[in-house]
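Everything below belongs to data16.csv, which stores CSV, C-alpha atoms.
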chain,number,residue,atom,x,y,z
A,1,ILE,CA,0.0,0.0,0.0
A,2,GLY,CA,2.8,2.4,0.9
A,3,PHE,CA,4.5,1.8,-2.5
A,4,GLY,CA,1.3,2.5,-4.3
A,5,GLN,CA,1.2,6.0,-2.7
A,6,ASN,CA,4.7,6.9,-4.0
A,7,VAL,CA,5.5,8.3,-7.4
A,8,ASN,CA,7.6,6.0,-9.5
A,9,ILE,CA,10.8,8.0,-10.3
A,10,PRO,CA,13.4,5.7,-11.9
A,11,ASP,CA,16.0,8.3,-12.6
A,12,ALA,CA,18.1,8.7,-9.5
A,13,ASN,CA,19.2,12.3,-10.4
A,14,PHE,CA,15.7,13.4,-11.1
A,15,LYS,CA,14.5,11.9,-7.9
A,16,ALA,CA,17.2,13.6,-5.9
A,17,VAL,CA,16.1,17.0,-7.3
A,18,LEU,CA,12.5,16.4,-6.3
A,19,VAL,CA,13.3,14.9,-2.9
A,20,GLY,CA,15.7,17.7,-2.1
A,21,ASN,CA,13.0,20.4,-2.8
A,22,SER,CA,11.2,21.0,0.5
A,23,THR,CA,8.3,22.7,-1.3
A,24,ILE,CA,7.7,19.4,-3.1
A,25,ASN,CA,8.8,16.9,-0.5
A,26,THR,CA,6.9,18.5,2.3
A,27,ASN,CA,7.2,15.6,4.8
A,28,GLY,CA,11.0,15.4,4.3
A,29,ASP,CA,11.2,11.7,3.6
A,30,SER,CA,13.1,9.9,0.9
A,31,GLU,CA,10.1,9.5,-1.5
A,32,ILE,CA,7.6,11.7,-3.3
A,33,GLN,CA,4.1,10.8,-2.5
A,34,VAL,CA,1.3,11.2,-5.1
A,35,SER,CA,-0.4,13.6,-2.8
A,36,GLU,CA,2.7,15.8,-2.7
A,37,ALA,CA,3.1,15.7,-6.5
A,38,THR,CA,-0.5,16.6,-7.2
A,39,ALA,CA,-0.5,19.5,-4.7
A,40,PHE,CA,2.6,21.2,-6.2
A,41,ASN,CA,1.9,24.0,-8.6
A,42,GLY,CA,5.2,25.8,-8.7
A,43,THR,CA,8.4,25.4,-10.7
A,44,ILE,CA,10.5,22.2,-11.2
A,45,ASP,CA,14.1,23.3,-12.2
A,46,CYS,CA,16.2,20.3,-13.0
A,47,GLU,CA,18.4,21.8,-15.7
A,48,SER,CA,22.0,20.4,-16.1
A,49,MET,CA,21.4,17.5,-13.7
A,50,ASN,CA,22.5,14.6,-15.9
A,51,ILE,CA,19.0,13.3,-16.1
A,52,SER,CA,18.0,10.9,-18.9
A,53,ASN,CA,14.4,10.0,-17.8
A,54,LEU,CA,11.7,12.3,-16.5
A,55,THR,CA,9.3,9.5,-15.7
A,56,GLY,CA,7.3,10.7,-12.6
A,57,ILE,CA,6.7,14.2,-14.0
A,58,GLU,CA,3.2,13.0,-15.0
A,59,ALA,CA,2.1,12.9,-11.4
A,60,PHE,CA,2.6,16.7,-11.1
A,61,THR,CA,-0.7,17.6,-12.7
A,62,ALA,CA,-0.8,21.1,-11.2
A,63,LEU,CA,2.8,22.0,-12.3
A,64,GLU,CA,3.1,25.4,-14.0
A,65,ASN,CA,6.8,25.7,-14.9
A,66,LEU,CA,9.2,22.9,-16.0
A,67,GLN,CA,12.8,23.7,-16.7
A,68,CYS,CA,14.6,20.5,-17.9
A,69,GLY,CA,17.1,21.7,-20.4
A,70,SER,CA,20.8,20.6,-20.8
A,71,ASN,CA,20.0,16.9,-19.9
A,72,ASN,CA,20.3,13.6,-21.7
A,73,LEU,CA,16.6,13.4,-22.5
A,74,THR,CA,15.4,11.6,-25.6
A,75,SER,CA,11.7,11.6,-24.7
A,76,LEU,CA,9.4,13.9,-22.8
A,77,ASP,CA,5.8,13.3,-21.8
A,78,VAL,CA,3.9,16.3,-20.5
A,79,THR,CA,0.5,15.2,-21.6
A,80,SER,CA,-0.7,14.9,-18.0
A,81,ASN,CA,0.8,18.3,-17.0
A,82,THR,CA,-2.3,20.2,-18.2
A,83,SER,CA,-1.6,23.2,-15.9
A,84,LEU,CA,1.8,23.8,-17.5
A,85,ILE,CA,2.4,27.5,-18.4
A,86,GLU,CA,6.1,27.5,-19.3
A,87,LEU,CA,8.2,24.6,-20.7
A,88,TRP,CA,12.0,25.0,-21.1
A,89,CYS,CA,13.6,22.0,-22.7
A,90,SER,CA,16.6,23.2,-24.8
A,91,TYR,CA,19.9,21.4,-25.2
A,92,THR,CA,18.5,17.8,-25.0
A,93,GLN,CA,18.1,15.0,-27.5
A,94,LEU,CA,14.4,15.3,-28.1
A,95,THR,CA,13.1,14.3,-31.6
A,96,SER,CA,9.5,15.1,-30.8
A,97,PHE,CA,7.0,15.7,-27.9
A,98,ASP,CA,3.3,16.2,-27.6
A,99,VAL,CA,1.9,19.5,-26.2
A,100,SER,CA,-1.7,18.9,-27.5
A,101,ASN,CA,-3.0,18.7,-23.9
A,102,ASN,CA,-1.1,21.8,-22.7
A,103,THR,CA,-3.7,24.4,-23.6
A,104,ASN,CA,-2.5,26.7,-20.8
A,105,LEU,CA,1.1,26.8,-22.2
A,106,THR,CA,2.2,30.4,-23.0
A,107,LEU,CA,6.0,29.8,-23.4
A,108,LEU,CA,7.9,27.0,-25.2
A,109,TYR,CA,11.7,27.1,-25.4
A,110,CYS,CA,13.0,24.1,-27.3
A,111,PRO,CA,16.1,25.1,-29.4
A,112,TYR,CA,19.1,22.8,-29.7
A,113,ASN,CA,17.3,19.5,-29.9
A,114,GLN,CA,16.7,17.0,-32.7
A,115,LEU,CA,13.1,17.9,-33.3
A,116,THR,CA,11.7,16.8,-36.7
A,117,THR,CA,8.1,17.8,-36.1
A,118,LEU,CA,6.5,20.4,-33.9
A,119,ASP,CA,2.7,21.0,-33.7
A,120,VAL,CA,1.5,23.7,-31.3
A,121,SER,CA,-1.9,24.2,-32.9
A,122,ALA,CA,-3.6,23.0,-29.7
A,123,THR,CA,-1.7,25.4,-27.4
A,124,THR,CA,-4.2,28.2,-27.9
A,125,ALA,CA,-2.6,30.4,-25.2
A,126,LEU,CA,1.0,30.2,-26.6
A,127,THR,CA,2.6,33.6,-27.3
A,128,MET,CA,6.3,32.8,-27.1
A,129,LEU,CA,8.1,30.1,-29.1
A,130,TRP,CA,11.8,29.3,-29.7
A,131,CYS,CA,12.4,26.3,-31.9
A,132,GLU,CA,15.5,27.6,-33.7
A,133,GLU,CA,19.1,26.4,-34.0
A,134,ASN,CA,20.2,22.8,-34.3
A,135,ASN,CA,16.8,21.3,-34.7
A,136,GLN,CA,15.9,19.1,-37.7
A,137,LEU,CA,12.4,20.3,-38.3
A,138,THR,CA,10.6,19.3,-41.5
A,139,SER,CA,7.1,20.2,-40.2
A,140,LEU,CA,6.0,23.2,-38.0
A,141,ASP,CA,2.4,23.9,-37.3
A,142,LEU,CA,1.7,27.2,-35.5
A,143,ARG,CA,-2.1,27.4,-36.3
A,144,ASN,CA,-3.3,27.9,-32.8
A,145,GLY,CA,-5.7,30.8,-33.5
A,146,ASN,CA,-3.6,33.1,-31.4
A,147,ASN,CA,-0.7,34.1,-33.8
A,148,THR,CA,-1.5,37.8,-33.7
A,149,ASN,CA,-0.9,37.8,-29.9
A,150,PHE,CA,2.6,36.3,-30.2
A,151,HIS,CA,5.4,38.3,-28.6
A,152,LEU,CA,8.1,36.2,-30.2
A,153,MET,CA,8.6,33.4,-32.7
A,154,ASP,CA,12.1,32.1,-33.7
A,155,ALA,CA,12.4,29.3,-36.2
A,156,TYR,CA,15.7,30.1,-38.0
A,157,ASP,CA,18.5,27.6,-38.6
A,158,ASN,CA,16.2,24.8,-39.5
A,159,PRO,CA,17.6,23.8,-42.9
A,160,ASN,CA,15.1,20.9,-43.5
A,161,LEU,CA,12.1,23.1,-43.0
A,162,THR,CA,10.5,25.0,-45.9
A,163,CYS,CA,6.7,25.6,-45.2
A,164,ILE,CA,5.4,26.8,-41.9
A,165,ASN,CA,1.7,26.5,-41.1
A,166,VAL,CA,0.2,29.7,-39.7
A,167,ASP,CA,-3.1,31.4,-39.0
A,168,ASP,CA,-2.6,34.4,-41.3
A,169,VAL,CA,0.1,34.3,-44.0
A,170,ALA,CA,0.2,38.1,-44.6
A,171,TRP,CA,0.5,38.9,-40.9
A,172,SER,CA,3.1,36.2,-40.3
A,173,THR,CA,5.2,37.4,-43.2
A,174,THR,CA,5.2,41.0,-41.9
A,175,ASN,CA,5.8,40.2,-38.2
A,176,TRP,CA,7.8,36.9,-38.0
A,177,THR,CA,11.2,37.6,-39.5
A,178,ASN,CA,13.3,35.2,-37.4
A,179,ILE,CA,13.2,32.5,-40.1
A,180,ASP,CA,15.5,31.2,-42.8
A,181,PRO,CA,15.5,32.7,-46.3
A,182,HIS,CA,14.0,29.4,-47.7
A,183,HIS,CA,11.1,29.4,-45.2
A,184,TYR,CA,7.7,30.5,-46.2
A,185,PHE,CA,4.2,30.7,-44.5
A,186,SER,CA,1.0,29.0,-45.6
A,187,ASN,CA,-2.4,28.1,-44.2
A,188,ASN,CA,-2.0,24.5,-45.5
A,189,CYS,CA,1.5,23.3,-46.1
A,190,PRO,CA,2.0,20.1,-48.1
A,191,PRO,CA,3.2,17.2,-46.1
A,192,PRO,CA,7.0,16.9,-45.9
A,193,THR,CA,8.6,14.6,-48.5
A,194,SER,CA,11.5,12.2,-48.1
A,195,ILE,CA,12.8,13.2,-51.5
A,196,LYS,CA,15.7,15.6,-51.2
A,197,GLU,CA,17.6,17.4,-53.9
A,198,HIS,CA,21.4,16.8,-53.9
A,199,THR,CA,23.0,20.2,-54.4
A,200,THR,CA,26.6,19.5,-53.4
A,201,ASN,CA,27.8,18.8,-57.0
A,202,LYS,CA,25.8,19.5,-60.2
A,203,GLU,CA,28.6,19.2,-62.7
A,204,LEU,CA,27.8,17.2,-65.8
A,205,LEU,CA,29.7,14.0,-66.3
A,206,LYS,CA,31.7,13.6,-69.5
A,207,VAL,CA,31.5,10.2,-71.1
A,208,THR,CA,34.5,9.1,-73.2
A,209,ASP,CA,34.2,6.2,-75.6
A,210,LEU,CA,37.4,4.1,-75.5
Show me the file's structure as structure tokens.
Amino acid sequence: IGFGQNVNIPDANFKAVLVGNSTINTNGDSEIQVSEATAFNGTIDCESMNISNLTGIEAFTALENLQCGSNNLTSLDVTSNTSLIELWCSYTQLTSFDVSNNTNLTLLYCPYNQLTTLDVSATTALTMLWCEENNQLTSLDLRNGNNTNFHLMDAYDNPNLTCINVDDVAWSTTNWTNIDPHHYFSNNCPPPTSIKEHTTNKELLKVTDL
């Protein structure tokens, strides 16, 4: 029964961060109880802690701010963190993550990952997004119905990305300039293709008949 009341946190470094936070671990023991996790509505800052697994974060359903950048994360599940307002997850190894349940999210900071797709169309409160630099995006959907209230959108240095889905093409073209020269905006981008043009060498071959 006692084990069932504790949150399963397999990563020792992540667990140490949580157990060492007295505003989370209110009874001061060596575990995080489910009741402690669900009651916490502040910030979890576990940046640069050599963490590779954030299992257990799903128990923090009232969490408002998660800062987990500069770790060895390859996956991140915040689908249960429906109260999340800010998510900082740069300098990890994430290839994708789902924010479709995070309708309260206003800030998403995710540069320096390995993201191939990013869809924030369900995050209707989002007004700040960084997804630039060292990502591998081929698909970016920003159609959240709130584009005109954005304070910032950075998507530059994504060489595999061409079309960006937005609410209003004309407005985005005028106001969102932190993009690559080959990026363009659309209300309905075509799906990304696996066919790529080889541009490194376009010299014609000369055939000699011997």
Each residue of stretch 37-110 of chain A lying at most 9 Å from stretch 131-149 of chain A should get a row with its shortest atom-to-atom pair and the distance in Å to one decimal, counting all atoms listed in the file; could you produce that, ordered by chain and increasing number, as CSV?
residue,atom,partner,partner_atom,distance
A:Ser90,CA,A:Cys131,CA,8.8
A:Thr95,CA,A:Gln136,CA,8.3
A:Leu108,CA,A:Cys131,CA,8.1
A:Tyr109,CA,A:Cys131,CA,6.6
A:Cys110,CA,A:Cys131,CA,5.1
With all atoms listed in the file as the counted atoms, please give the residues lying no more than 8 Å from A:Thr61, apart from itself and same-chain residues fewer than 4 positions off, as a list in words.
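Non-adjacent residues within range: Ala37, Thr38, Ser80, Asn81, Thr82 and Ser83 of chain A.
Shortest atom-to-atom contact with A:Leu118 among A:Leu18, A:Ser100, A:Ile85, A:Ser70: A:Ser100, counting all atoms listed in the file.
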Check the smallest atom-to-atom distance from each of A:Asp11, A:Gln5, A:Asp209, A:Ser186 to A:Ile32 using only C-alpha atoms, then report the winner.
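For A:Ile32, the nearest of the candidates is A:Gln5.
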What lies within 8 Å of A:Asp154 using only C-alpha atoms, ignoring chain neighbours under 6 positions off, as a VMD selection string?
chain A and resid 129 to 132 176 178 to 179
So that I can check the surroundings of A:Ile51, please list as a PyMOL selection string every protein, DNA and RNA residue that reaches within 12 Å of it, counting all atoms listed in the file and ignoring chain neighbours fewer than 2 positions away.
chain A and resi 9-17+45-49+53-55+68-76+92-93
Please compute the atom CA of A:Thr103-atom CA of A:Leu126 distance, one decimal, in Å.
8.0 Å
Find, counting only C-alpha atoms, the residue in A:Met153, A:Leu210, A:Ala62, A:Leu161 that gets nearest to A:Glu36.
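Closest candidate: A:Ala62.
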Figure out the distance between atom CA of A:Pro159 and atom CA of A:Thr177, please, to one decimal in Å.
15.6 Å
